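**Q** So here's query-v3.txt, just compact mmCIF, C-alpha atoms:
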```
# COMPACT_ATOMS: atom_id res chain seq x y z
CA MET A 37 55.39 85.20 40.96
CA THR A 38 59.17 85.38 41.09
CA PRO A 39 60.97 82.69 43.03
CA THR A 40 62.29 83.93 46.34
CA ALA A 41 65.59 83.12 47.97
CA PRO A 42 65.22 80.47 50.65
CA LEU A 43 64.99 81.70 54.20
CA ASP A 44 67.72 80.59 56.56
CA ALA A 45 67.26 79.88 60.26
CA THR A 46 68.12 83.47 61.19
CA ASP A 47 65.53 84.89 58.78
CA ARG A 48 62.90 82.62 60.31
CA LEU A 49 63.92 83.61 63.81
CA ILE A 50 63.54 87.28 62.86
CA LEU A 51 60.15 86.77 61.20
CA ASN A 52 58.75 84.87 64.15
CA HIS A 53 60.16 87.29 66.69
CA LEU A 54 58.99 90.46 64.93
CA GLN A 55 55.46 89.18 64.43
CA GLU A 56 55.13 89.28 68.20
CA GLY A 57 56.01 92.93 68.42
CA PHE A 58 58.61 95.64 67.90
CA PRO A 59 59.78 98.15 70.53
CA ILE A 60 58.70 101.78 70.52
CA ALA A 61 62.07 103.19 71.60
CA PRO A 62 64.82 105.32 70.07
CA ASP A 63 67.02 102.36 68.97
CA PRO A 64 64.52 99.56 68.41
CA PHE A 65 66.64 97.50 66.01
CA GLU A 66 69.53 97.53 68.47
CA ILE A 67 67.17 96.17 71.17
CA VAL A 68 65.84 93.43 68.87
CA ALA A 69 69.33 92.55 67.62
CA GLN A 70 70.50 92.06 71.20
CA GLU A 71 67.46 89.92 72.02
CA LEU A 72 68.22 87.69 69.05
CA GLY A 73 72.01 87.69 69.41
CA LEU A 74 72.52 89.43 66.07
CA GLU A 75 74.35 92.51 64.85
CA GLU A 76 72.03 95.46 64.25
CA ALA A 77 73.40 95.92 60.70
CA ASP A 78 72.76 92.25 59.88
CA LEU A 79 69.20 92.49 61.21
CA LEU A 80 68.49 95.60 59.12
CA ALA A 81 70.06 94.08 56.00
CA ARG A 82 67.97 90.91 56.35
CA LEU A 83 64.77 92.91 56.86
CA GLU A 84 65.64 95.04 53.84
CA ARG A 85 66.14 91.94 51.70
CA MET A 86 62.95 90.23 52.90
CA LYS A 87 60.99 93.41 52.23
CA ALA A 88 62.48 93.72 48.73
CA GLU A 89 61.57 90.08 48.04
CA ARG A 90 58.06 90.70 49.38
CA ILE A 91 58.46 88.04 52.07
CA ILE A 92 57.54 90.89 54.42
CA THR A 93 54.42 92.69 53.24
CA ARG A 94 54.37 95.31 55.97
CA PHE A 95 56.51 96.37 58.86
CA GLY A 96 55.28 98.97 61.32
CA PRO A 97 52.22 99.88 63.38
CA PHE A 98 48.98 98.03 62.67
CA PHE A 99 46.10 100.37 63.33
CA ASP A 100 42.73 99.17 64.50
CA ALA A 101 40.34 101.02 62.25
CA GLU A 102 37.45 100.26 64.59
CA ALA A 103 39.25 101.91 67.48
CA MET A 104 39.70 104.93 65.21
CA GLY A 105 35.96 105.20 64.74
CA GLY A 106 35.32 103.07 61.66
CA ALA A 107 33.11 99.98 61.55
CA PHE A 108 33.69 96.67 59.78
CA CYS A 109 31.59 93.60 59.30
CA LEU A 110 32.00 90.29 57.52
CA CYS A 111 28.84 89.52 55.55
CA ALA A 112 27.70 86.56 53.48
CA MET A 113 25.02 85.86 50.89
CA ALA A 114 23.70 82.71 49.24
CA VAL A 115 23.52 83.78 45.62
CA PRO A 116 21.87 81.50 43.05
CA LYS A 117 24.37 80.55 40.33
CA ALA A 118 22.29 82.02 37.54
CA ASP A 119 22.12 85.42 39.27
CA PHE A 120 25.69 85.49 40.49
CA GLU A 121 27.14 88.06 38.09
CA THR A 122 24.10 90.36 38.39
CA VAL A 123 24.24 90.31 42.17
CA LEU A 124 28.02 90.68 42.13
CA THR A 125 27.74 93.86 40.07
CA LYS A 126 25.27 95.31 42.59
CA VAL A 127 27.35 94.33 45.61
CA ASN A 128 30.69 95.49 44.21
CA ALA A 129 29.18 98.81 43.13
CA ARG A 130 28.92 99.76 46.79
CA PRO A 131 31.98 101.69 47.93
CA GLU A 132 31.45 100.21 51.41
CA VAL A 133 32.33 96.73 50.09
CA ALA A 134 36.06 96.39 50.75
CA HIS A 135 36.87 92.75 50.00
CA ASN A 136 34.67 90.21 48.30
CA TYR A 137 35.41 86.51 47.81
CA GLU A 138 33.53 83.72 46.15
CA ARG A 139 33.68 80.70 48.46
CA SER A 140 32.90 77.01 48.17
CA HIS A 141 29.68 76.90 50.18
CA HIS A 142 25.93 77.42 49.95
CA LEU A 143 26.79 80.88 51.29
CA ASN A 144 28.97 81.61 48.27
CA MET A 145 29.64 85.35 48.46
CA TRP A 146 31.62 86.71 51.42
CA PHE A 147 32.50 90.36 51.71
CA VAL A 148 33.63 92.93 54.26
CA LEU A 149 31.62 96.10 54.74
CA ALA A 150 33.63 99.11 55.90
CA THR A 151 31.72 102.19 57.02
CA GLU A 152 32.30 105.25 59.15
CA SER A 153 29.97 104.05 61.92
CA ALA A 154 28.26 100.87 63.16
CA PRO A 155 24.66 101.89 62.23
CA GLU A 156 25.76 102.35 58.63
CA ILE A 157 26.73 98.66 58.43
CA GLU A 158 23.16 97.65 59.10
CA ALA A 159 21.83 100.27 56.71
CA VAL A 160 24.05 99.11 53.85
CA ALA A 161 23.20 95.45 54.51
CA LYS A 162 19.45 96.24 54.52
CA SER A 163 19.76 98.27 51.38
CA LEU A 164 21.62 95.44 49.62
CA GLU A 165 18.88 93.03 50.67
CA GLN A 166 16.26 95.31 49.12
CA GLU A 167 18.24 95.74 45.93
CA THR A 168 19.04 92.05 45.43
CA GLY A 169 16.06 90.36 47.08
CA LEU A 170 18.53 88.11 48.94
CA ARG A 171 19.38 87.90 52.60
CA VAL A 172 22.62 89.45 53.80
CA LEU A 173 23.93 87.63 56.86
CA CYS A 174 26.15 89.77 59.09
CA PHE A 175 28.94 88.29 61.17
CA PRO A 176 30.44 91.09 63.25
CA LYS A 177 33.59 90.29 65.18
CA LEU A 178 32.70 89.52 68.81
CA ARG A 179 36.15 88.58 69.96
CA GLU A 180 39.52 88.50 68.27
CA PHE A 181 42.07 85.87 69.18
CA PHE A 182 45.72 86.73 68.76
CA ILE A 183 46.70 87.01 65.14
CA ARG A 184 50.08 85.86 64.02
CA PHE A 185 51.64 83.33 61.81
CA ARG A 186 54.77 81.35 62.59
CA VAL A 187 57.32 80.17 60.10
CA ALA A 188 58.51 76.62 60.70
CA ALA A 189 61.91 77.04 62.32
CA MET B 225 40.97 107.89 73.77
CA SER B 226 40.26 110.37 71.02
CA ILE B 227 42.92 111.10 68.46
CA ASP B 228 43.85 114.58 67.33
CA SER B 229 45.20 115.95 64.08
CA THR B 230 48.81 115.20 65.08
CA ASP B 231 47.89 111.56 65.71
CA ARG B 232 46.23 111.47 62.31
CA ARG B 233 49.40 112.79 60.69
CA ILE B 234 51.37 110.09 62.50
CA ILE B 235 48.95 107.44 61.26
CA ALA B 236 49.18 108.73 57.70
CA ALA B 237 52.99 108.77 57.87
CA THR B 238 53.37 105.26 59.31
CA GLN B 239 50.50 103.17 57.96
CA ALA B 240 52.61 102.12 54.97
CA GLY B 241 55.38 101.07 57.35
CA LEU B 242 58.39 102.26 59.31
CA PRO B 243 61.68 103.03 57.54
CA LEU B 244 64.37 100.35 57.93
CA VAL B 245 66.98 102.64 59.48
CA PRO B 246 68.60 102.39 62.92
CA GLN B 247 66.40 105.18 64.35
CA PRO B 248 63.09 104.80 62.52
CA TYR B 249 61.07 106.88 64.99
CA ALA B 250 63.54 109.77 64.78
CA ALA B 251 63.24 109.64 60.98
CA VAL B 252 59.42 109.74 61.08
CA ALA B 253 59.46 112.48 63.74
CA GLN B 254 61.74 114.63 61.63
CA GLU B 255 59.50 114.18 58.60
CA LEU B 256 56.53 115.37 60.67
CA GLY B 257 58.34 118.18 62.46
CA LEU B 258 57.88 116.51 65.85
CA GLY B 259 60.32 115.51 68.55
CA GLU B 260 61.22 111.83 68.69
CA SER B 261 60.01 111.54 72.28
CA GLU B 262 56.67 113.16 71.43
CA LEU B 263 56.20 110.75 68.54
CA CYS B 264 57.07 107.74 70.72
CA ASN B 265 54.78 108.95 73.52
CA ARG B 266 51.89 109.33 71.09
CA LEU B 267 52.55 105.90 69.56
CA ARG B 268 52.65 104.35 73.04
CA ALA B 269 49.39 106.07 74.00
CA MET B 270 47.72 104.77 70.82
CA HIS B 271 49.15 101.32 71.53
CA ASP B 272 47.87 101.35 75.12
CA SER B 273 44.39 102.36 74.00
CA GLY B 274 44.20 99.72 71.25
CA ILE B 275 44.27 102.11 68.29
CA ILE B 276 47.59 100.50 67.44
CA ARG B 277 47.10 96.76 67.79
CA ARG B 278 50.80 96.11 67.61
CA VAL B 279 53.98 97.27 65.92
CA ALA B 280 55.19 94.24 64.01
CA VAL B 281 56.08 92.45 60.80
CA ALA B 282 53.44 90.94 58.53
CA PRO B 283 54.84 88.14 56.38
CA ASN B 284 53.48 87.24 52.98
CA HIS B 285 51.97 83.76 53.21
CA TYR B 286 52.37 83.15 49.50
CA ALA B 287 56.05 84.08 49.50
CA LEU B 288 56.56 81.66 52.38
CA GLY B 289 55.11 78.82 50.32
CA MET B 290 51.75 78.84 52.08
CA LEU B 291 49.82 78.66 48.82
CA ALA B 292 46.57 77.23 50.16
CA ASN B 293 44.22 78.51 52.83
CA GLY B 294 40.74 77.74 54.01
CA MET B 295 38.31 79.54 56.28
CA SER B 296 37.51 76.88 58.87
CA VAL B 297 34.34 77.45 60.90
CA TRP B 298 33.27 75.72 64.10
CA ASP B 299 30.19 75.45 66.28
CA ILE B 300 31.63 75.69 69.78
CA ASP B 301 29.89 75.57 73.12
CA ASP B 302 29.45 79.24 74.12
CA ALA B 303 30.88 78.58 77.56
CA ARG B 304 34.15 77.34 76.06
CA VAL B 305 34.63 79.49 72.97
CA ALA B 306 36.87 82.08 74.69
CA ASP B 307 39.28 79.47 75.99
CA LEU B 308 39.29 77.29 72.88
CA GLY B 309 39.42 80.28 70.52
CA ALA B 310 42.60 81.44 72.22
CA GLN B 311 44.11 77.98 71.78
CA VAL B 312 43.19 77.81 68.09
CA GLY B 313 44.41 81.37 67.53
CA ALA B 314 47.78 80.42 69.00
CA LEU B 315 48.37 77.61 66.48
CA ASP B 316 51.27 78.25 64.12
CA TYR B 317 49.24 77.71 60.95
CA VAL B 318 46.20 79.79 61.96
CA SER B 319 46.36 83.45 60.98
CA HIS B 320 42.95 84.91 61.81
CA CYS B 321 40.75 83.64 64.56
CA TYR B 322 37.50 85.32 65.57
CA GLU B 323 34.37 84.61 67.53
CA ARG B 324 31.37 85.74 65.50
CA PRO B 325 27.61 85.37 66.07
CA ARG B 326 25.75 82.40 64.62
CA ALA B 327 22.99 83.04 62.10
CA LEU B 328 20.59 80.23 62.89
CA PRO B 329 19.28 78.19 61.24
CA ASP B 330 21.50 78.90 58.21
CA TRP B 331 24.78 79.18 60.00
CA PRO B 332 25.54 77.38 63.27
CA TYR B 333 29.23 78.33 63.48
CA ASN B 334 30.62 80.82 66.01
CA LEU B 335 34.39 80.38 65.65
CA PHE B 336 36.24 81.32 62.46
CA ALA B 337 39.92 80.40 61.89
CA MET B 338 41.94 80.81 58.68
CA ILE B 339 44.13 77.72 58.20
CA HIS B 340 47.22 77.95 55.98
CA GLY B 341 49.20 75.18 54.30
CA SER B 342 51.39 74.53 51.31
CA ASN B 343 48.50 72.76 49.59
CA ARG B 344 44.87 71.76 50.08
CA ASP B 345 45.77 68.36 51.61
CA GLU B 346 47.93 70.03 54.24
CA VAL B 347 45.10 72.45 55.09
CA GLU B 348 42.72 69.50 55.50
CA ALA B 349 45.22 67.66 57.73
CA LYS B 350 45.57 70.75 59.92
CA ARG B 351 41.81 71.07 60.08
CA GLN B 352 41.75 67.58 61.59
CA GLU B 353 44.31 68.72 64.17
CA VAL B 354 42.06 71.64 65.11
CA ALA B 355 39.09 69.27 65.36
CA ALA B 356 41.10 67.05 67.72
CA LEU B 357 42.02 70.04 69.85
CA LEU B 358 38.39 71.16 70.09
CA GLY B 359 37.14 67.66 70.91
CA GLY B 360 33.68 67.34 72.37
CA ALA B 361 33.17 71.10 72.72
CA CYS B 362 32.72 71.23 68.93
CA ARG B 363 29.29 70.29 67.63
CA GLY B 364 30.00 70.75 63.94
CA SER B 365 32.41 72.31 61.48
CA ASP B 366 32.99 73.21 57.86
CA ILE B 367 35.72 74.76 55.76
CA LEU B 368 35.25 77.29 52.98
CA TYR B 369 37.84 77.75 50.25
CA SER B 370 37.96 80.92 48.23
CA THR B 371 37.39 80.12 44.59
CA ARG B 372 37.64 83.67 43.22
CA ILE B 373 38.63 87.13 44.44
CA LEU B 374 35.65 89.28 43.49
CA LYS B 375 36.89 92.60 44.86
CA LYS B 376 39.95 93.66 46.76
CA THR B 377 40.46 97.21 47.87
CA GLY B 378 42.64 98.17 50.80
CA LEU B 379 40.93 99.16 54.02
CA ARG B 380 42.01 102.74 53.80
CA LEU B 381 42.20 104.73 56.97
CA ARG B 382 40.70 108.15 56.82
CA SER B 383 43.28 110.88 57.20
CA LYS B 384 40.78 113.70 57.46
CA GLU B 385 40.46 115.81 60.58
CA GLY B 386 37.74 115.62 63.14
CA HIS B 387 35.76 112.97 65.04
```
Output the file's structure as structure tokens, nothing else.
**A**
Amino acid sequence: MTPTAPLDATDRLILNHLQEGFPIAPDPFEIVAQELGLEEADLLARLERMKAERIITRFGPFFDAEAMGGAFCLCAMAVPKADFETVLTKVNARPEVAHNYERSHHLNMWFVLATESAPEIEAVAKSLEQETGLRVLCFPKLREFFIRFRVAA
Amino acid sequence: MSIDSTDRRIIAATQAGLPLVPQPYAAVAQELGLGESELCNRLRAMHDSGIIRRVAVAPNHYALGMLANGMSVWDIDDARVADLGAQVGALDYVSHCYERPRALPDWPYNLFAMIHGSNRDEVEAKRQEVAALLGGACRGSDILYSTRILKKTGLRLRSKEGH
């Protein structure tokens, strides 16, 4: 990882402010610049730099894939150490498995299933249980609390 | 709300991000052969219906020095999880906060919150802060650290027509 230039107070102000939202309007940067007491050109230049330095990973609309008709579910399995690689191969072979992490717990394999519809989640989970002989616990999202991340000012 | 093929083209054109130019919507509209006001109206409609969660910046935790994270999990009184979840989700160092079903008897936890810090000790200290905030409404907790990324593919949005 390359070292990144330190963020100054204005960069932090911009990051915190723009995590809350960005206007859908013809001159959105002008609106934000006024809210923050900055020049529009300075705001754009700082965003450009932070994007180039990968301090900003994405800037734009965040789409809710579930609202678009897809289905997602966090799932977990307790995989015996000796079988871990065998089970991993079977789980990762499924195109519906989007992310998969090994975690420090008795439930040591955590992955996200992404399918076109909700019934398919259950079908894939059942099918993985049959193939591996292990239980697949499903933790669908019941409620989402506001997601953001503030940079110490 | 159902989305049509124009919405899908808008999604495909913007899911990698908006251009950093003074009139980003005009630039995207031109690329798609739409009017700027039509594009903005469609984006607003998708925002209002929840298809767009928000238009915003996503910072890179690693680039900001947040090198450690842990998935903290909590067993919260059902009657209080909505209120307390919102409070935990609003904490500066928490990035993802969800209510999920328990899987008894294996898994008693119904609140999940990703805690970020510059190192493991800082994550643990923040976990104690969350525990203090939850107080007596919390009957148990744990924290899971990722020890290996086993698979990571983007959650790709379908750009095909239909549905």
**Q** Have a look at B:Gly341, B:Gly294, B:Pro325, B:Gly259 and name the one nearest to chain A; count all atoms listed in the file.
**A**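 Ranking B:Gly341, B:Gly294, B:Pro325, B:Gly259 by distance to chain A, first place goes to B:Pro325.
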**Q** Which residues of chain A are close to chain B, meaning at most 6 Å apart when you count only C-alpha atoms, and how do they look as a ChimeraX atom specification?
**A** /A:54-55,57-58,62-63,91-100,103,134-140,175-186
**Q** Restricting the calculation to only C-alpha atoms: of A:Glu132, A:Leu124, A:His142, A:Val148, which residue gets closest to Glu167 in chain A?
**A**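 Ranked by minimum distance to Glu167 in chain A, first place goes to A:Leu124.
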**Q** Between CA of Cys111 in chain A and CA of Leu164 in chain A, what distance in Å does the model show, to one decimal?
**A**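 So the two atoms, CA of Cys111 in chain A and CA of Leu164 in chain A, lie 11.1 Å apart.
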**Q** Mind pulling up the distance from CA of Lys162 in chain A to CA of Glu121 in chain A?
**A**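 One can read the CA of Glu121 in chain A to CA of Lys162 in chain A distance as 19.9 Å.
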**Q** How far is it from CA of Asp119 in chain A to CA of Pro332 in chain B, in Å with one decimal?
**A**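 Atom-to-atom, CA of Asp119 in chain A to CA of Pro332 in chain B, that is 25.5 Å.
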**Q** When you look at range 71-78 of chain A with a cut-off of 9 Å (counting all atoms listed in the file), what residues show up, excluding the ones that are within fewer than 3 positions of it in the same chain? I need them as a ChimeraX atom specification.
**A** /A:46,49-50,53,65-68,81-83 /B:246
**Q** Using all atoms listed in the file, what table do you get, as a Markdown table, when you list each residue of range 260-340 of chain B with an atom no more than 8 Å from range 348-362 of chain B, its nearest pair of atoms, and their distance in Å rounded to one decimal, rows by chain then rising number?
**A**
```
| residue | atom | partner | partner_atom | distance |
| --- | --- | --- | --- | --- |
| B:Ser296 | CA | B:Arg351 | CA | 7.3 |
| B:Trp298 | CA | B:Cys362 | CA | 6.6 |
| B:Asp299 | CA | B:Cys362 | CA | 5.6 |
| B:Ile300 | CA | B:Cys362 | CA | 4.7 |
| B:Asp301 | CA | B:Ala361 | CA | 5.6 |
| B:Arg304 | CA | B:Ala361 | CA | 7.1 |
| B:Leu308 | CA | B:Leu358 | CA | 6.8 |
| B:Val312 | CA | B:Val354 | CA | 6.9 |
| B:Tyr317 | CA | B:Lys350 | CA | 7.9 |
| B:Ile339 | CA | B:Arg351 | CA | 7.3 |
```
**Q** Do you know which residues are at most 8 Å from Val133 in chain A counting only C-alpha atoms, after dropping those on the same chain fewer than 6 positions away, and could you put them as a ChimeraX atom specification?
**A** /A:127,147-150
**Q** List the neighbours of Arg233 in chain B out to 8 Å using all atoms listed in the file; skip same-chain residues closer than 3 positions along the sequence, and give me the result as a ChimeraX atom specification.
**A** /B:229-230,236-237,256,383
**Q** Take the residues just selected and output them with C-alpha atoms as a PDB file, in the frame of the given file.
**A**
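New file selection_7.pdb:
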```pdb
ATOM      1  CA  SER B 229      45.200 115.950  64.080  1.00  0.00           C
ATOM      2  CA  THR B 230      48.810 115.200  65.080  1.00  0.00           C
ATOM      3  CA  ALA B 236      49.180 108.730  57.700  1.00  0.00           C
ATOM      4  CA  ALA B 237      52.990 108.770  57.870  1.00  0.00           C
ATOM      5  CA  LEU B 256      56.530 115.370  60.670  1.00  0.00           C
ATOM      6  CA  SER B 383      43.280 110.880  57.200  1.00  0.00           C
TER       7      SER B 383
END
```
**Q** Please determine, counting all atoms listed in the file, which residue among A:Ala61, A:Ala154, A:Ala88, A:Ala118 has the shortest atom-to-atom distance to Gly105 in chain A.
**A**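 Nearest candidate to Gly105 in chain A out of A:Ala61, A:Ala154, A:Ala88, A:Ala118: A:Ala154.
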